[in-house]
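Reading through the structure tokens given below for one structure.
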Amino acid sequence: PWIWDNKTPVDLTTQKLFYSAVCIAVKGAVKGMYFWNTGLYNIPDPNSDRSFDFIGKPAEEEIRKCYSGSNN
């Protein structure tokens with residue numbers, strides 16, 4: 001995770017599925033999670049951003065659904 005840009009293709013679906021799986025795995029065991037490194041800014045083009053940041057990407061909605069109590 002310390003390699004911020006690993007030159008791999010953007011895969012927003014895999015990132016979204018990761019956060020969904022994390023939610024399923026920890027839901028009921030914790031009240032929330034802290035994601036250690038994300039920006040509080042808009043990514044100019046989330047479809048081409050290869051960073052691990054989830055802001056503005058489909059994964060952000062997965063995190064919102066997880067901790068809002070919505071599972072759909």
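Each chain of the structure tokens is named A, B, ... in the order shown, its residues numbered from 1; ligands are numbered from 1 in display order.
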
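Counting only C-alpha atoms, range 4-7 of chain A has the following residues at most 10 Å away, ignoring those fewer than 3 positions along the same chain: Pro1, Val10, Asp49, Arg50, Ser51, Phe52 and Asp53 of chain A.
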
Give me the residues of range 19-49 of chain A that have any atom at most 9 Å from an atom of range 58-69 of chain A; for each, the nearest atom pair and the distance in Å, rounded to one decimal. Use only C-alpha atoms, sort by chain and number, and format it as a Markdown table.
```
| residue | atom | partner | partner_atom | distance |
| --- | --- | --- | --- | --- |
| A:Tyr19 | CA | A:Ala59 | CA | 6.3 |
| A:Ser20 | CA | A:Glu62 | CA | 5.9 |
| A:Cys23 | CA | A:Cys66 | CA | 5.9 |
| A:Ile24 | CA | A:Cys66 | CA | 8.2 |
| A:Lys27 | CA | A:Cys66 | CA | 8.0 |
| A:Lys31 | CA | A:Tyr67 | CA | 8.0 |
| A:Gly32 | CA | A:Tyr67 | CA | 6.8 |
```

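Note that the spacing between CA of Val22 in chain A and CA of Gly39 in chain A amounts to 20.0 Å.
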
For the alpha helix (DSSP H) assignment from backbone DSSP, which residues of chain A qualify? Please present them as a PDB file with N, CA, C and O atoms, in the first residue's frame.
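Okay, this is what ended up in part05.pdb:
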```pdb
ATOM      1  N   LEU A  12     -12.116   0.322 -10.999  1.00  0.00           N
ATOM      2  CA  LEU A  12     -13.022   0.856  -9.992  1.00  0.00           C
ATOM      3  C   LEU A  12     -13.958  -0.219  -9.446  1.00  0.00           C
ATOM      4  O   LEU A  12     -14.373  -0.147  -8.286  1.00  0.00           O
ATOM      5  N   THR A  13     -14.267  -1.237 -10.245  1.00  0.00           N
ATOM      6  CA  THR A  13     -15.127  -2.315  -9.776  1.00  0.00           C
ATOM      7  C   THR A  13     -14.435  -3.130  -8.688  1.00  0.00           C
ATOM      8  O   THR A  13     -15.030  -3.441  -7.658  1.00  0.00           O
ATOM      9  N   THR A  14     -13.172  -3.458  -8.881  1.00  0.00           N
ATOM     10  CA  THR A  14     -12.422  -4.204  -7.866  1.00  0.00           C
ATOM     11  C   THR A  14     -12.315  -3.400  -6.582  1.00  0.00           C
ATOM     12  O   THR A  14     -12.482  -3.942  -5.490  1.00  0.00           O
ATOM     13  N   GLN A  15     -12.059  -2.110  -6.688  1.00  0.00           N
ATOM     14  CA  GLN A  15     -11.971  -1.268  -5.497  1.00  0.00           C
ATOM     15  C   GLN A  15     -13.308  -1.257  -4.765  1.00  0.00           C
ATOM     16  O   GLN A  15     -13.355  -1.405  -3.544  1.00  0.00           O
ATOM     17  N   LYS A  16     -14.397  -1.122  -5.493  1.00  0.00           N
ATOM     18  CA  LYS A  16     -15.726  -1.113  -4.886  1.00  0.00           C
ATOM     19  C   LYS A  16     -16.008  -2.451  -4.195  1.00  0.00           C
ATOM     20  O   LYS A  16     -16.502  -2.485  -3.063  1.00  0.00           O
ATOM     21  N   LEU A  17     -15.675  -3.554  -4.849  1.00  0.00           N
ATOM     22  CA  LEU A  17     -15.898  -4.877  -4.256  1.00  0.00           C
ATOM     23  C   LEU A  17     -15.060  -5.081  -2.997  1.00  0.00           C
ATOM     24  O   LEU A  17     -15.497  -5.730  -2.047  1.00  0.00           O
ATOM     25  N   PHE A  18     -13.844  -4.529  -2.976  1.00  0.00           N
ATOM     26  CA  PHE A  18     -13.003  -4.623  -1.783  1.00  0.00           C
ATOM     27  C   PHE A  18     -13.687  -3.969  -0.587  1.00  0.00           C
ATOM     28  O   PHE A  18     -13.790  -4.563   0.483  1.00  0.00           O
ATOM     29  N   TYR A  19     -14.158  -2.754  -0.777  1.00  0.00           N
ATOM     30  CA  TYR A  19     -14.801  -2.053   0.335  1.00  0.00           C
ATOM     31  C   TYR A  19     -16.102  -2.720   0.744  1.00  0.00           C
ATOM     32  O   TYR A  19     -16.451  -2.757   1.925  1.00  0.00           O
ATOM     33  N   SER A  20     -16.808  -3.283  -0.201  1.00  0.00           N
ATOM     34  CA  SER A  20     -18.027  -4.027   0.122  1.00  0.00           C
ATOM     35  C   SER A  20     -17.681  -5.254   0.970  1.00  0.00           C
ATOM     36  O   SER A  20     -18.353  -5.544   1.966  1.00  0.00           O
ATOM     37  N   ALA A  21     -16.628  -5.978   0.592  1.00  0.00           N
ATOM     38  CA  ALA A  21     -16.202  -7.160   1.345  1.00  0.00           C
ATOM     39  C   ALA A  21     -15.735  -6.794   2.747  1.00  0.00           C
ATOM     40  O   ALA A  21     -16.028  -7.497   3.718  1.00  0.00           O
ATOM     41  N   VAL A  22     -15.010  -5.682   2.868  1.00  0.00           N
ATOM     42  CA  VAL A  22     -14.574  -5.223   4.192  1.00  0.00           C
ATOM     43  C   VAL A  22     -15.790  -4.947   5.064  1.00  0.00           C
ATOM     44  O   VAL A  22     -15.838  -5.342   6.232  1.00  0.00           O
ATOM     45  N   CYS A  23     -16.783  -4.305   4.502  1.00  0.00           N
ATOM     46  CA  CYS A  23     -18.000  -3.989   5.254  1.00  0.00           C
ATOM     47  C   CYS A  23     -18.659  -5.267   5.761  1.00  0.00           C
ATOM     48  O   CYS A  23     -19.012  -5.379   6.933  1.00  0.00           O
ATOM     49  N   ILE A  24     -18.809  -6.240   4.870  1.00  0.00           N
ATOM     50  CA  ILE A  24     -19.430  -7.510   5.259  1.00  0.00           C
ATOM     51  C   ILE A  24     -18.627  -8.191   6.358  1.00  0.00           C
ATOM     52  O   ILE A  24     -19.177  -8.729   7.320  1.00  0.00           O
ATOM     53  N   ALA A  25     -17.305  -8.158   6.243  1.00  0.00           N
ATOM     54  CA  ALA A  25     -16.434  -8.848   7.197  1.00  0.00           C
ATOM     55  C   ALA A  25     -16.455  -8.226   8.596  1.00  0.00           C
ATOM     56  O   ALA A  25     -16.367  -8.942   9.587  1.00  0.00           O
ATOM     57  N   VAL A  26     -16.583  -6.913   8.675  1.00  0.00           N
ATOM     58  CA  VAL A  26     -16.452  -6.264   9.984  1.00  0.00           C
ATOM     59  C   VAL A  26     -17.774  -5.772  10.566  1.00  0.00           C
ATOM     60  O   VAL A  26     -17.833  -5.421  11.736  1.00  0.00           O
ATOM     61  N   PRO A  58     -16.891   4.800  -7.189  1.00  0.00           N
ATOM     62  CA  PRO A  58     -17.970   3.935  -6.720  1.00  0.00           C
ATOM     63  C   PRO A  58     -17.734   3.369  -5.315  1.00  0.00           C
ATOM     64  O   PRO A  58     -18.694   3.147  -4.570  1.00  0.00           O
ATOM     65  N   ALA A  59     -16.503   3.176  -4.930  1.00  0.00           N
ATOM     66  CA  ALA A  59     -16.199   2.663  -3.589  1.00  0.00           C
ATOM     67  C   ALA A  59     -16.689   3.604  -2.497  1.00  0.00           C
ATOM     68  O   ALA A  59     -17.055   3.159  -1.407  1.00  0.00           O
ATOM     69  N   GLU A  60     -16.721   4.904  -2.766  1.00  0.00           N
ATOM     70  CA  GLU A  60     -17.193   5.859  -1.765  1.00  0.00           C
ATOM     71  C   GLU A  60     -18.648   5.569  -1.407  1.00  0.00           C
ATOM     72  O   GLU A  60     -19.032   5.599  -0.233  1.00  0.00           O
ATOM     73  N   GLU A  61     -19.454   5.249  -2.396  1.00  0.00           N
ATOM     74  CA  GLU A  61     -20.865   4.929  -2.139  1.00  0.00           C
ATOM     75  C   GLU A  61     -20.995   3.630  -1.339  1.00  0.00           C
ATOM     76  O   GLU A  61     -21.870   3.511  -0.485  1.00  0.00           O
ATOM     77  N   GLU A  62     -20.107   2.659  -1.581  1.00  0.00           N
ATOM     78  CA  GLU A  62     -20.128   1.410  -0.801  1.00  0.00           C
ATOM     79  C   GLU A  62     -19.862   1.702   0.675  1.00  0.00           C
ATOM     80  O   GLU A  62     -20.518   1.145   1.551  1.00  0.00           O
ATOM     81  N   ILE A  63     -18.914   2.559   0.954  1.00  0.00           N
ATOM     82  CA  ILE A  63     -18.592   2.916   2.337  1.00  0.00           C
ATOM     83  C   ILE A  63     -19.776   3.636   2.964  1.00  0.00           C
ATOM     84  O   ILE A  63     -20.160   3.353   4.096  1.00  0.00           O
ATOM     85  N   ARG A  64     -20.378   4.543   2.227  1.00  0.00           N
ATOM     86  CA  ARG A  64     -21.546   5.283   2.729  1.00  0.00           C
ATOM     87  C   ARG A  64     -22.678   4.312   3.055  1.00  0.00           C
ATOM     88  O   ARG A  64     -23.285   4.383   4.118  1.00  0.00           O
ATOM     89  N   LYS A  65     -22.961   3.377   2.153  1.00  0.00           N
ATOM     90  CA  LYS A  65     -24.036   2.403   2.386  1.00  0.00           C
ATOM     91  C   LYS A  65     -23.731   1.535   3.605  1.00  0.00           C
ATOM     92  O   LYS A  65     -24.610   1.262   4.409  1.00  0.00           O
ATOM     93  N   CYS A  66     -22.495   1.122   3.749  1.00  0.00           N
ATOM     94  CA  CYS A  66     -22.115   0.251   4.858  1.00  0.00           C
ATOM     95  C   CYS A  66     -22.402   0.895   6.204  1.00  0.00           C
ATOM     96  O   CYS A  66     -23.002   0.280   7.076  1.00  0.00           O
ATOM     97  N   TYR A  67     -21.981   2.124   6.362  1.00  0.00           N
ATOM     98  CA  TYR A  67     -22.086   2.748   7.668  1.00  0.00           C
ATOM     99  C   TYR A  67     -23.361   3.579   7.859  1.00  0.00           C
ATOM    100  O   TYR A  67     -23.582   4.110   8.921  1.00  0.00           O
ATOM    101  N   SER A  68     -24.197   3.612   6.825  1.00  0.00           N
ATOM    102  CA  SER A  68     -25.486   4.280   6.999  1.00  0.00           C
ATOM    103  C   SER A  68     -26.556   3.268   7.363  1.00  0.00           C
ATOM    104  O   SER A  68     -27.688   3.630   7.669  1.00  0.00           O
TER     105      SER A  68
END
```

Original post:
Can you tell me how far CA of Leu40 in chain A sits from CA of Ile3 in chain A, in Å to one decimal?
Top reply: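 Taking CA of Leu40 in chain A as the start and CA of Ile3 in chain A as the end point, the length is 19.7 Å.
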